[in-house]
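As stored in my_file.txt (compact mmCIF, C-alpha atoms (C1' of nucleotides)):
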```txt
# COMPACT_ATOMS: atom_id res chain seq x y z
CA MET A 1 16.87 9.88 -48.79
CA PRO A 2 13.78 9.46 -46.64
CA LEU A 3 14.07 8.44 -43.02
CA LYS A 4 12.32 5.30 -41.86
CA ARG A 5 8.87 6.10 -40.61
CA GLY A 6 5.68 4.51 -39.45
CA TYR A 7 6.10 1.21 -37.69
CA ASN A 8 9.63 2.09 -36.82
CA ASP A 9 8.56 5.22 -35.02
CA CYS A 10 7.90 4.05 -31.49
CA ILE A 11 10.36 6.53 -30.08
CA LYS A 12 7.56 8.70 -28.70
CA THR A 13 6.71 5.92 -26.30
CA ILE A 14 10.21 4.62 -25.72
CA ILE A 15 11.63 7.94 -24.57
CA PRO A 16 9.17 8.60 -21.73
CA VAL A 17 9.30 4.93 -20.71
CA ARG A 18 13.07 5.24 -20.41
CA ASP A 19 12.75 8.50 -18.50
CA PHE A 20 10.61 6.56 -16.07
CA LEU A 21 13.07 3.66 -15.89
CA ASP A 22 15.99 6.03 -15.29
CA VAL A 23 14.33 7.11 -12.05
CA MET A 24 12.60 3.96 -10.89
CA SER A 25 14.45 0.93 -12.23
CA GLY A 26 16.10 -1.61 -9.99
CA LYS A 27 15.04 -4.18 -7.52
CA TRP A 28 14.44 -2.05 -4.46
CA LYS A 29 12.86 1.35 -5.17
CA PHE A 30 9.27 0.21 -5.51
CA PRO A 31 9.37 -2.00 -2.43
CA ILE A 32 10.77 0.96 -0.46
CA ILE A 33 8.08 3.33 -1.75
CA VAL A 34 5.43 0.76 -0.84
CA SER A 35 6.85 0.22 2.64
CA ILE A 36 6.97 3.93 3.42
CA GLY A 37 3.51 4.27 1.91
CA VAL A 38 1.94 1.89 4.40
CA GLY A 39 3.48 3.76 7.29
CA ASN A 40 6.95 2.43 7.91
CA ASP A 41 8.93 5.59 8.51
CA ARG A 42 12.03 4.45 10.43
CA PHE A 43 15.17 3.05 8.79
CA VAL A 44 15.06 -0.25 10.64
CA ASP A 45 11.32 -0.68 10.13
CA ILE A 46 11.68 -0.21 6.40
CA GLN A 47 14.62 -2.59 6.38
CA GLU A 48 12.72 -5.30 8.25
CA SER A 49 9.66 -4.96 6.04
CA ILE A 50 11.58 -5.73 2.86
CA PRO A 51 12.96 -9.27 2.80
CA GLY A 52 16.62 -9.42 1.87
CA ILE A 53 17.51 -5.73 1.77
CA THR A 54 20.78 -4.73 3.46
CA PRO A 55 21.43 -1.41 5.22
CA LYS A 56 23.97 -0.39 2.59
CA VAL A 57 21.52 -0.80 -0.24
CA LEU A 58 18.66 0.77 1.70
CA ALA A 59 20.74 3.85 2.54
CA LYS A 60 21.76 4.27 -1.09
CA GLU A 61 18.25 3.88 -2.44
CA LEU A 62 16.77 6.26 0.12
CA LYS A 63 19.25 8.92 -0.98
CA GLU A 64 18.27 8.49 -4.60
CA LEU A 65 14.57 8.62 -3.86
CA GLU A 66 15.15 11.78 -1.84
CA LYS A 67 17.13 13.30 -4.71
CA HIS A 68 14.19 12.70 -7.04
CA GLN A 69 11.83 14.34 -4.54
CA LEU A 70 9.82 11.20 -3.97
CA ILE A 71 10.52 10.97 -0.24
CA LYS A 72 11.54 13.35 2.52
CA ARG A 73 14.05 12.76 5.31
CA THR A 74 13.24 14.47 8.58
CA VAL A 75 15.40 14.57 11.69
CA LEU A 76 13.52 14.60 15.01
CA SER A 77 15.73 15.87 17.81
CA GLU A 78 14.40 13.62 20.52
CA TYR A 79 16.32 11.08 22.45
CA PRO A 80 17.38 8.92 20.84
CA VAL A 81 17.51 10.96 17.64
CA LYS A 82 14.90 9.75 15.23
CA ILE A 83 14.97 10.04 11.50
CA ILE A 84 11.73 9.56 9.64
CA TYR A 85 11.11 9.02 5.99
CA THR A 86 7.81 10.07 4.47
CA HIS A 87 6.34 10.34 1.02
CA GLU A 88 6.49 13.61 -0.81
CA PRO A 89 3.28 14.31 -2.75
CA TYR A 90 5.16 13.36 -5.91
CA ALA A 91 5.35 9.75 -4.71
CA ASP A 92 1.58 9.53 -5.06
CA THR A 93 1.97 9.83 -8.81
CA LEU A 94 3.50 6.35 -8.70
CA THR A 95 0.40 4.79 -7.16
CA PRO A 96 -1.26 3.81 -10.45
CA ILE A 97 1.94 2.10 -11.57
CA ILE A 98 2.30 0.26 -8.28
CA TYR A 99 -1.24 -1.08 -8.51
CA ALA A 100 -0.72 -2.08 -12.11
CA MET A 101 2.49 -3.94 -11.20
CA LYS A 102 0.86 -5.58 -8.20
CA ASP A 103 -2.12 -6.80 -10.24
CA TRP A 104 0.21 -8.10 -12.92
CA GLY A 105 2.35 -9.90 -10.35
CA ILE A 106 -0.65 -11.56 -8.70
CA ASN A 107 -1.93 -12.74 -12.06
CA HIS A 108 1.52 -13.89 -13.16
CA ARG A 109 1.99 -16.02 -10.07
CA LYS A 110 -1.36 -17.70 -10.72
CA LYS A 111 -0.37 -18.32 -14.31
CA VAL A 112 3.00 -19.79 -13.40
CA ILE A 113 1.62 -22.02 -10.66
CA GLY A 114 -1.23 -23.06 -12.94
CA THR A 115 1.17 -24.12 -15.69
CA MET B 1 5.96 -13.00 21.55
CA PRO B 2 3.76 -11.37 18.96
CA LEU B 3 5.05 -10.72 15.48
CA LYS B 4 5.12 -7.19 14.17
CA ARG B 5 1.90 -6.36 12.41
CA GLY B 6 -0.06 -3.53 10.90
CA TYR B 7 2.03 -0.80 9.37
CA ASN B 8 4.89 -3.18 8.90
CA ASP B 9 2.84 -5.62 6.88
CA CYS B 10 3.27 -4.45 3.31
CA ILE B 11 4.45 -7.84 2.15
CA LYS B 12 1.20 -8.52 0.33
CA THR B 13 2.07 -5.74 -2.07
CA ILE B 14 5.82 -6.20 -2.12
CA ILE B 15 5.70 -9.85 -3.17
CA PRO B 16 3.65 -9.39 -6.35
CA VAL B 17 5.59 -6.23 -7.21
CA ARG B 18 8.80 -8.23 -6.99
CA ASP B 19 7.29 -11.05 -9.03
CA PHE B 20 6.65 -8.42 -11.67
CA LEU B 21 10.16 -6.98 -11.40
CA ASP B 22 11.73 -10.44 -11.67
CA VAL B 23 10.21 -10.74 -15.14
CA MET B 24 10.34 -7.18 -16.43
CA SER B 25 13.17 -5.34 -14.74
CA GLY B 26 16.10 -3.90 -16.63
CA LYS B 27 16.67 -1.21 -19.14
CA TRP B 28 15.56 -2.92 -22.33
CA LYS B 29 12.53 -5.21 -21.94
CA PHE B 30 9.86 -2.54 -22.09
CA PRO B 31 11.38 -0.74 -25.06
CA ILE B 32 11.54 -4.08 -26.89
CA ILE B 33 7.91 -4.91 -26.08
CA VAL B 34 6.88 -1.45 -27.28
CA SER B 35 8.87 -1.74 -30.48
CA ILE B 36 7.40 -5.13 -31.37
CA GLY B 37 3.99 -3.81 -30.38
CA VAL B 38 4.07 -1.06 -32.99
CA GLY B 39 4.96 -3.55 -35.69
CA ASN B 40 8.72 -3.97 -35.77
CA ASP B 41 9.12 -7.71 -36.18
CA ARG B 42 12.63 -8.20 -37.58
CA PHE B 43 15.77 -8.30 -35.47
CA VAL B 44 17.44 -5.39 -37.20
CA ASP B 45 14.27 -3.28 -37.24
CA ILE B 46 13.85 -3.73 -33.51
CA GLN B 47 17.51 -2.93 -32.99
CA GLU B 48 17.34 0.26 -35.02
CA SER B 49 14.20 1.43 -33.29
CA ILE B 50 15.79 1.38 -29.84
CA PRO B 51 18.61 3.89 -29.47
CA GLY B 52 21.75 2.40 -28.00
CA ILE B 53 20.85 -1.27 -27.91
CA THR B 54 23.49 -3.73 -29.14
CA PRO B 55 22.78 -7.04 -30.89
CA LYS B 56 24.18 -9.00 -27.98
CA VAL B 57 21.81 -7.41 -25.50
CA LEU B 58 18.86 -7.58 -27.87
CA ALA B 59 19.39 -11.29 -28.50
CA LYS B 60 19.58 -12.01 -24.79
CA GLU B 61 16.47 -10.02 -23.94
CA LEU B 62 14.46 -11.56 -26.78
CA LYS B 63 15.26 -15.01 -25.41
CA GLU B 64 14.08 -14.04 -21.95
CA LEU B 65 10.88 -12.50 -23.24
CA GLU B 66 10.22 -15.64 -25.25
CA LYS B 67 10.87 -17.80 -22.19
CA HIS B 68 8.23 -15.83 -20.28
CA GLN B 69 5.76 -16.30 -23.14
CA LEU B 70 5.52 -12.61 -23.89
CA ILE B 71 6.77 -12.87 -27.48
CA LYS B 72 6.97 -15.56 -30.13
CA ARG B 73 9.86 -16.29 -32.49
CA THR B 74 8.86 -17.57 -35.91
CA VAL B 75 11.19 -18.76 -38.65
CA LEU B 76 10.06 -18.08 -42.21
CA SER B 77 11.89 -20.31 -44.66
CA GLU B 78 12.13 -17.80 -47.46
CA TYR B 79 15.26 -16.50 -48.99
CA PRO B 80 16.96 -15.06 -47.14
CA VAL B 81 15.63 -16.76 -44.01
CA LYS B 82 13.48 -14.39 -42.03
CA ILE B 83 12.85 -14.52 -38.35
CA ILE B 84 9.93 -12.56 -37.01
CA TYR B 85 9.09 -11.64 -33.48
CA THR B 86 5.49 -11.01 -32.50
CA HIS B 87 3.57 -10.44 -29.31
CA GLU B 88 1.94 -13.35 -27.58
CA PRO B 89 -1.47 -12.42 -26.15
CA TYR B 90 0.17 -12.33 -22.72
CA ALA B 91 2.15 -9.24 -23.76
CA ASP B 92 -1.10 -7.31 -23.93
CA THR B 93 -1.43 -7.63 -20.16
CA LEU B 94 1.53 -5.23 -19.95
CA THR B 95 -0.26 -2.49 -21.85
CA PRO B 96 -1.74 -0.74 -18.79
CA ILE B 97 1.70 -0.66 -17.18
CA ILE B 98 3.32 0.72 -20.34
CA TYR B 99 0.79 3.52 -20.55
CA ALA B 100 1.19 4.31 -16.88
CA MET B 101 4.99 4.46 -17.27
CA LYS B 102 4.72 6.56 -20.41
CA ASP B 103 2.37 9.07 -18.76
CA TRP B 104 4.64 9.26 -15.75
CA GLY B 105 7.70 9.79 -17.93
CA ILE B 106 6.06 12.57 -19.92
CA ASN B 107 5.00 14.33 -16.74
CA HIS B 108 8.40 13.82 -15.13
CA ARG B 109 10.22 15.38 -18.05
CA LYS B 110 7.95 18.43 -17.81
CA LYS B 111 8.62 18.64 -14.10
CA VAL B 112 12.38 18.36 -14.49
CA ILE B 113 12.58 20.89 -17.29
CA GLY B 114 10.23 23.20 -15.39
CA THR B 115 12.43 23.13 -12.30
C1' DT C 1 33.00 5.08 32.78
C1' DA C 2 30.36 1.56 30.44
C1' DT C 3 26.47 0.33 27.91
C1' DA C 4 22.51 0.70 24.85
C1' DG C 5 19.84 2.52 21.01
C1' DT C 6 19.53 4.54 16.38
C1' DG C 7 20.98 5.20 11.82
C1' DC C 8 23.76 4.51 9.19
C1' DT C 9 29.04 3.77 6.76
C1' DT C 10 32.95 1.09 5.44
C1' DT C 11 35.45 -2.67 3.49
C1' DC C 12 35.93 -6.34 0.66
C1' DC C 13 34.36 -9.06 -2.74
C1' DA C 14 31.27 -11.60 -6.32
C1' DA C 15 27.88 -11.52 -9.77
C1' DA C 16 25.27 -9.38 -13.28
C1' DA C 17 24.63 -6.04 -16.73
C1' DG C 18 26.28 -3.48 -20.44
C1' DG C 19 29.23 -2.07 -24.52
C1' DA C 20 32.50 -2.19 -28.79
C1' DA C 21 34.00 -4.67 -32.40
C1' DA C 22 34.64 -8.47 -35.02
C1' DG C 23 33.22 -12.97 -36.50
C1' DT C 24 30.10 -16.99 -37.83
C1' DG C 25 26.97 -20.02 -40.52
C1' DA C 26 23.44 -20.92 -43.64
C1' DT C 27 21.69 -19.85 -48.08
C1' DT C 28 21.33 -18.22 -52.70
C1' DT C 29 22.22 -15.58 -56.51
C1' DA C 30 25.79 -13.70 -59.84
C1' DT D 1 33.66 -19.74 -56.70
C1' DA D 2 32.65 -15.33 -54.69
C1' DA D 3 29.72 -12.04 -52.77
C1' DA D 4 25.67 -10.73 -50.32
C1' DT D 5 22.09 -11.07 -46.78
C1' DC D 6 20.29 -12.01 -42.31
C1' DA D 7 20.42 -13.07 -37.64
C1' DC D 8 22.81 -13.44 -34.50
C1' DT D 9 27.43 -15.00 -31.46
C1' DT D 10 31.85 -14.38 -29.46
C1' DT D 11 35.44 -12.11 -27.05
C1' DC D 12 37.14 -8.92 -24.06
C1' DC D 13 36.51 -5.46 -21.10
C1' DT D 14 34.29 -1.87 -17.90
C1' DT D 15 30.56 -0.51 -14.97
C1' DT D 16 26.93 -1.32 -11.90
C1' DT D 17 24.63 -3.80 -8.52
C1' DG D 18 24.37 -6.62 -4.67
C1' DG D 19 25.76 -8.97 -0.27
C1' DA D 20 28.15 -10.16 4.44
C1' DA D 21 30.15 -8.45 8.26
C1' DA D 22 31.94 -5.19 11.01
C1' DG D 23 32.40 -0.57 12.59
C1' DC D 24 31.20 4.28 13.81
C1' DA D 25 29.10 8.64 15.82
C1' DC D 26 25.97 10.56 18.71
C1' DT D 27 23.34 10.83 23.03
C1' DA D 28 21.62 9.49 27.42
C1' DT D 29 21.07 6.70 31.17
C1' DA D 30 22.98 3.40 34.91
```
Can the structure in the file be given as structure tokens, please?
Amino acid sequence: MPLKRGYNDCIKTIIPVRDFLDVMSGKWKFPIIVSIGVGNDRFVDIQESIPGITPKVLAKELKELEKHQLIKRTVLSEYPVKIIYTHEPYADTLTPIIYAMKDWGINHRKKVIGT
Amino acid sequence: MPLKRGYNDCIKTIIPVRDFLDVMSGKWKFPIIVSIGVGNDRFVDIQESIPGITPKVLAKELKELEKHQLIKRTVLSEYPVKIIYTHEPYADTLTPIIYAMKDWGINHRKKVIGT
DNA sequence: TATAGTGCTTTCCAAAAGGAAAGTGATTTA
DNA sequence: TAAATCACTTTCCTTTTGGAAAGCACTATA
């Protein structure tokens, strides 16, 4: 028997989209990437720049982003000890997506208010 | 006292990004939009084109996408009754994001396998 | 010795998301 | 009257995510 083909075959798009979502889905990862991207590099600065995030969630998300080589954690042995978070070059590959999301969000808010 | 400014002020990006995420976050919405986009318009066709999705989840996500005016549900009074799901024009505004995610996912898979 | 600053971690709990399996209701043809 | 088709819905359960509040470890200064 033949397999279903044609219209049904969107798997070539769905698989990479899900690969992307496996790494970047959730409420917090993009805001964190954006915050670090504009120069917030300290834990508390990142936390204060993202409304509503708690330290528990921030710590967890930072670990995941580090695991995926999107950010780097560096310990500076000053007093008091500083830890800074910076983008890895790989984080720059997300820039087009961030701009696309931002544009969509701006337009969506206009649409919703305009309704 | 002055408020924190400058580097800390990424809120202008974070707010629209979160507006976007409020509508489109989760594991299933993009795969569903893609599937309908390539021509799957029946419930079961959409379900079979997305590996792992259950009817309960699909029904819930379709309702949300309809609520946000991204898809349209049409009842055809044939026998047996057919229901078709199609894109609203607004769904096309997601196309740039879908392509950006797809490209990122393809590249990411190469990177991970290459490691 | 006490206190302050930094970067978290821990506990406890609630809410949301996700999954498996079976069932429902409307309709029409046999 | 029974079976078939389609599009879901329901139930029950597990997993994941999120949130509030408090605590902890390290170091240096007073």
Could you give me, as a PyMOL selection string, the residues within 10 Å of segment 4-12 of chain D, counting only C-alpha atoms (C1' of nucleotides) and dropping anything in the same chain fewer than 4 positions from it? (chain B and resi 42-44+55-56+58-59+79-83) or (chain C and resi 20-30)
Could those residues be written to a file, using C-alpha atoms (C1' of nucleotides), as a PDB file, in the frame of the given file?
```
ATOM      1  CA  ARG B  42      12.630  -8.200 -37.580  1.00  0.00           C
ATOM      2  CA  PHE B  43      15.770  -8.300 -35.470  1.00  0.00           C
ATOM      3  CA  VAL B  44      17.440  -5.390 -37.200  1.00  0.00           C
ATOM      4  CA  PRO B  55      22.780  -7.040 -30.890  1.00  0.00           C
ATOM      5  CA  LYS B  56      24.180  -9.000 -27.980  1.00  0.00           C
ATOM      6  CA  LEU B  58      18.860  -7.580 -27.870  1.00  0.00           C
ATOM      7  CA  ALA B  59      19.390 -11.290 -28.500  1.00  0.00           C
ATOM      8  CA  TYR B  79      15.260 -16.500 -48.990  1.00  0.00           C
ATOM      9  CA  PRO B  80      16.960 -15.060 -47.140  1.00  0.00           C
ATOM     10  CA  VAL B  81      15.630 -16.760 -44.010  1.00  0.00           C
ATOM     11  CA  LYS B  82      13.480 -14.390 -42.030  1.00  0.00           C
ATOM     12  CA  ILE B  83      12.850 -14.520 -38.350  1.00  0.00           C
TER      13      ILE B  83
ATOM     14  C1'  DA C  20      32.500  -2.190 -28.790  1.00  0.00           C
ATOM     15  C1'  DA C  21      34.000  -4.670 -32.400  1.00  0.00           C
ATOM     16  C1'  DA C  22      34.640  -8.470 -35.020  1.00  0.00           C
ATOM     17  C1'  DG C  23      33.220 -12.970 -36.500  1.00  0.00           C
ATOM     18  C1'  DT C  24      30.100 -16.990 -37.830  1.00  0.00           C
ATOM     19  C1'  DG C  25      26.970 -20.020 -40.520  1.00  0.00           C
ATOM     20  C1'  DA C  26      23.440 -20.920 -43.640  1.00  0.00           C
ATOM     21  C1'  DT C  27      21.690 -19.850 -48.080  1.00  0.00           C
ATOM     22  C1'  DT C  28      21.330 -18.220 -52.700  1.00  0.00           C
ATOM     23  C1'  DT C  29      22.220 -15.580 -56.510  1.00  0.00           C
ATOM     24  C1'  DA C  30      25.790 -13.700 -59.840  1.00  0.00           C
TER      25       DA C  30
END
```
Chain B post-superposition (all in-order Cα pairs with chain A) as an mmCIF file with C-alpha atoms, keeping the file's coordinate frame:
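Result file is result_9.cif:
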```
data_model
loop_
_atom_site.group_PDB
_atom_site.id
_atom_site.type_symbol
_atom_site.label_atom_id
_atom_site.label_comp_id
_atom_site.auth_asym_id
_atom_site.auth_seq_id
_atom_site.Cartn_x
_atom_site.Cartn_y
_atom_site.Cartn_z
ATOM 1 C CA MET B 1 16.850 9.842 -48.831
ATOM 2 C CA PRO B 2 13.803 9.482 -46.642
ATOM 3 C CA LEU B 3 14.141 8.430 -43.040
ATOM 4 C CA LYS B 4 12.406 5.302 -41.862
ATOM 5 C CA ARG B 5 8.947 6.091 -40.610
ATOM 6 C CA GLY B 6 5.718 4.518 -39.499
ATOM 7 C CA TYR B 7 6.091 1.188 -37.787
ATOM 8 C CA ASN B 8 9.621 2.015 -36.828
ATOM 9 C CA ASP B 9 8.642 5.187 -35.034
ATOM 10 C CA CYS B 10 7.975 4.068 -31.484
ATOM 11 C CA ILE B 11 10.391 6.583 -30.045
ATOM 12 C CA LYS B 12 7.585 8.731 -28.683
ATOM 13 C CA THR B 13 6.738 5.941 -26.286
ATOM 14 C CA ILE B 14 10.235 4.641 -25.686
ATOM 15 C CA ILE B 15 11.643 7.977 -24.532
ATOM 16 C CA PRO B 16 9.177 8.608 -21.695
ATOM 17 C CA VAL B 17 9.317 4.941 -20.683
ATOM 18 C CA ARG B 18 13.080 5.248 -20.370
ATOM 19 C CA ASP B 19 12.747 8.512 -18.465
ATOM 20 C CA PHE B 20 10.607 6.553 -16.041
ATOM 21 C CA LEU B 21 13.073 3.662 -15.860
ATOM 22 C CA ASP B 22 15.991 6.032 -15.243
ATOM 23 C CA VAL B 23 14.295 7.107 -12.017
ATOM 24 C CA MET B 24 12.601 3.924 -10.851
ATOM 25 C CA SER B 25 14.491 0.941 -12.187
ATOM 26 C CA GLY B 26 16.138 -1.613 -9.952
ATOM 27 C CA LYS B 27 15.052 -4.183 -7.486
ATOM 28 C CA TRP B 28 14.400 -2.050 -4.426
ATOM 29 C CA LYS B 29 12.838 1.356 -5.161
ATOM 30 C CA PHE B 30 9.254 0.204 -5.490
ATOM 31 C CA PRO B 31 9.343 -1.992 -2.401
ATOM 32 C CA ILE B 32 10.744 0.966 -0.447
ATOM 33 C CA ILE B 33 8.049 3.333 -1.735
ATOM 34 C CA VAL B 34 5.395 0.765 -0.821
ATOM 35 C CA SER B 35 6.817 0.221 2.639
ATOM 36 C CA ILE B 36 6.943 3.936 3.433
ATOM 37 C CA GLY B 37 3.488 4.284 1.919
ATOM 38 C CA VAL B 38 1.931 1.889 4.413
ATOM 39 C CA GLY B 39 3.461 3.786 7.301
ATOM 40 C CA ASN B 40 6.944 2.448 7.931
ATOM 41 C CA ASP B 41 8.941 5.605 8.529
ATOM 42 C CA ARG B 42 12.047 4.486 10.432
ATOM 43 C CA PHE B 43 15.153 3.073 8.796
ATOM 44 C CA VAL B 44 15.046 -0.219 10.640
ATOM 45 C CA ASP B 45 11.294 -0.649 10.151
ATOM 46 C CA ILE B 46 11.665 -0.180 6.418
ATOM 47 C CA GLN B 47 14.589 -2.578 6.396
ATOM 48 C CA GLU B 48 12.695 -5.270 8.264
ATOM 49 C CA SER B 49 9.651 -4.936 6.063
ATOM 50 C CA ILE B 50 11.565 -5.731 2.878
ATOM 51 C CA PRO B 51 12.951 -9.261 2.823
ATOM 52 C CA GLY B 52 16.600 -9.417 1.871
ATOM 53 C CA ILE B 53 17.495 -5.746 1.787
ATOM 54 C CA THR B 54 20.759 -4.721 3.469
ATOM 55 C CA PRO B 55 21.393 -1.396 5.219
ATOM 56 C CA LYS B 56 23.934 -0.388 2.611
ATOM 57 C CA VAL B 57 21.482 -0.803 -0.237
ATOM 58 C CA LEU B 58 18.629 0.772 1.693
ATOM 59 C CA ALA B 59 20.695 3.851 2.526
ATOM 60 C CA LYS B 60 21.722 4.282 -1.090
ATOM 61 C CA GLU B 61 18.205 3.902 -2.446
ATOM 62 C CA LEU B 62 16.734 6.282 0.132
ATOM 63 C CA LYS B 63 19.206 8.940 -0.984
ATOM 64 C CA GLU B 64 18.223 8.502 -4.609
ATOM 65 C CA LEU B 65 14.525 8.634 -3.845
ATOM 66 C CA GLU B 66 15.089 11.794 -1.837
ATOM 67 C CA LYS B 67 17.083 13.317 -4.693
ATOM 68 C CA HIS B 68 14.139 12.706 -7.030
ATOM 69 C CA GLN B 69 11.774 14.345 -4.536
ATOM 70 C CA LEU B 70 9.774 11.198 -3.962
ATOM 71 C CA ILE B 71 10.476 10.978 -0.224
ATOM 72 C CA LYS B 72 11.498 13.367 2.524
ATOM 73 C CA ARG B 73 14.031 12.776 5.296
ATOM 74 C CA THR B 74 13.246 14.483 8.583
ATOM 75 C CA VAL B 75 15.443 14.569 11.669
ATOM 76 C CA LEU B 76 13.630 14.598 15.004
ATOM 77 C CA SER B 77 15.903 15.827 17.769
ATOM 78 C CA GLU B 78 14.568 13.578 20.482
ATOM 79 C CA TYR B 79 16.506 11.045 22.394
ATOM 80 C CA PRO B 80 17.608 8.928 20.754
ATOM 81 C CA VAL B 81 17.663 10.943 17.530
ATOM 82 C CA LYS B 82 14.978 9.750 15.180
ATOM 83 C CA ILE B 83 15.011 10.032 11.454
ATOM 84 C CA ILE B 84 11.745 9.576 9.642
ATOM 85 C CA TYR B 85 11.093 9.024 5.997
ATOM 86 C CA THR B 86 7.784 10.074 4.492
ATOM 87 C CA HIS B 87 6.295 10.337 1.042
ATOM 88 C CA GLU B 88 6.437 13.611 -0.796
ATOM 89 C CA PRO B 89 3.223 14.292 -2.730
ATOM 90 C CA TYR B 90 5.114 13.351 -5.892
ATOM 91 C CA ALA B 91 5.296 9.734 -4.694
ATOM 92 C CA ASP B 92 1.537 9.505 -5.059
ATOM 93 C CA THR B 93 1.933 9.816 -8.823
ATOM 94 C CA LEU B 94 3.469 6.325 -8.696
ATOM 95 C CA THR B 95 0.375 4.767 -7.171
ATOM 96 C CA PRO B 96 -1.284 3.785 -10.473
ATOM 97 C CA ILE B 97 1.932 2.091 -11.578
ATOM 98 C CA ILE B 98 2.273 0.230 -8.271
ATOM 99 C CA TYR B 99 -1.256 -1.100 -8.526
ATOM 100 C CA ALA B 100 -0.738 -2.106 -12.128
ATOM 101 C CA MET B 101 2.475 -3.960 -11.206
ATOM 102 C CA LYS B 102 0.831 -5.600 -8.215
ATOM 103 C CA ASP B 103 -2.141 -6.815 -10.273
ATOM 104 C CA TRP B 104 0.198 -8.119 -12.934
ATOM 105 C CA GLY B 105 2.332 -9.914 -10.360
ATOM 106 C CA ILE B 106 -0.661 -11.572 -8.727
ATOM 107 C CA ASN B 107 -1.939 -12.759 -12.087
ATOM 108 C CA HIS B 108 1.511 -13.910 -13.177
ATOM 109 C CA ARG B 109 1.980 -16.031 -10.086
ATOM 110 C CA LYS B 110 -1.370 -17.716 -10.757
ATOM 111 C CA LYS B 111 -0.345 -18.331 -14.339
ATOM 112 C CA VAL B 112 3.029 -19.784 -13.407
ATOM 113 C CA ILE B 113 1.650 -22.032 -10.701
ATOM 114 C CA GLY B 114 -1.195 -23.078 -12.999
ATOM 115 C CA THR B 115 1.213 -24.121 -15.740
#
```
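The coordinates place atom CA of Ala91 of chain B at 12.9 Å from atom CA of Leu62 of chain B.
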Which polymer residues have any atom within 9 Å of an atom of segment 16-28 of chain D, counting all atoms listed in the file, with same-chain residues fewer than 2 positions away left out, as a ChimeraX atom specification? /A:26,54,57,79-81 /C:8-11,13-18
When you get a sec, could you note down which chain B residues fall within 9 Å of chain A, using only C-alpha atoms, as a VMD selection string? chain B and resid 6 to 11 13 to 22 25 to 28 30 to 32 34 to 35 37 to 40 45 to 46 48 to 51 93 to 94 96 to 109
Written file, previous selection with C-alpha atoms, as a CSV table (one decimal), in the coordinates of the input:
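This went into out05.csv:
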```csv
chain,number,residue,atom,x,y,z
B,6,GLY,CA,-0.1,-3.5,10.9
B,7,TYR,CA,2.0,-0.8,9.4
B,8,ASN,CA,4.9,-3.2,8.9
B,9,ASP,CA,2.8,-5.6,6.9
B,10,CYS,CA,3.3,-4.4,3.3
B,11,ILE,CA,4.4,-7.8,2.2
B,13,THR,CA,2.1,-5.7,-2.1
B,14,ILE,CA,5.8,-6.2,-2.1
B,15,ILE,CA,5.7,-9.8,-3.2
B,16,PRO,CA,3.6,-9.4,-6.4
B,17,VAL,CA,5.6,-6.2,-7.2
B,18,ARG,CA,8.8,-8.2,-7.0
B,19,ASP,CA,7.3,-11.0,-9.0
B,20,PHE,CA,6.6,-8.4,-11.7
B,21,LEU,CA,10.2,-7.0,-11.4
B,22,ASP,CA,11.7,-10.4,-11.7
B,25,SER,CA,13.2,-5.3,-14.7
B,26,GLY,CA,16.1,-3.9,-16.6
B,27,LYS,CA,16.7,-1.2,-19.1
B,28,TRP,CA,15.6,-2.9,-22.3
B,30,PHE,CA,9.9,-2.5,-22.1
B,31,PRO,CA,11.4,-0.7,-25.1
B,32,ILE,CA,11.5,-4.1,-26.9
B,34,VAL,CA,6.9,-1.4,-27.3
B,35,SER,CA,8.9,-1.7,-30.5
B,37,GLY,CA,4.0,-3.8,-30.4
B,38,VAL,CA,4.1,-1.1,-33.0
B,39,GLY,CA,5.0,-3.6,-35.7
B,40,ASN,CA,8.7,-4.0,-35.8
B,45,ASP,CA,14.3,-3.3,-37.2
B,46,ILE,CA,13.8,-3.7,-33.5
B,48,GLU,CA,17.3,0.3,-35.0
B,49,SER,CA,14.2,1.4,-33.3
B,50,ILE,CA,15.8,1.4,-29.8
B,51,PRO,CA,18.6,3.9,-29.5
B,93,THR,CA,-1.4,-7.6,-20.2
B,94,LEU,CA,1.5,-5.2,-20.0
B,96,PRO,CA,-1.7,-0.7,-18.8
B,97,ILE,CA,1.7,-0.7,-17.2
B,98,ILE,CA,3.3,0.7,-20.3
B,99,TYR,CA,0.8,3.5,-20.6
B,100,ALA,CA,1.2,4.3,-16.9
B,101,MET,CA,5.0,4.5,-17.3
B,102,LYS,CA,4.7,6.6,-20.4
B,103,ASP,CA,2.4,9.1,-18.8
B,104,TRP,CA,4.6,9.3,-15.8
B,105,GLY,CA,7.7,9.8,-17.9
B,106,ILE,CA,6.1,12.6,-19.9
B,107,ASN,CA,5.0,14.3,-16.7
B,108,HIS,CA,8.4,13.8,-15.1
B,109,ARG,CA,10.2,15.4,-18.0
```
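Relative to atom CA of Thr86 of chain A, atom C1' of DG5 of chain C is found at 21.8 Å.
Reported to one decimal place, the separation of atom C1' of DT15 of chain D from atom CA of Lys63 of chain B is 23.5 Å.
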Taking all atoms of segment 72-78 of chain A that the file lists, what box with edges along x, y and z, padded by 5 Å per side, do you get, with centre and edge lengths in Å to one decimal, as JSON?
```
{"center_x": 13.6, "center_y": 14.3, "center_z": 11.5, "size_x": 14.2, "size_y": 13.1, "size_z": 28.0}
```
Quick one: residues within 9 Å of Lys72 of chain B, only C-alpha atoms (C1' of nucleotides) counted, chain neighbours fewer than 3 positions away excluded, as number ranges by chain? B: 65-66, 69, 84-88
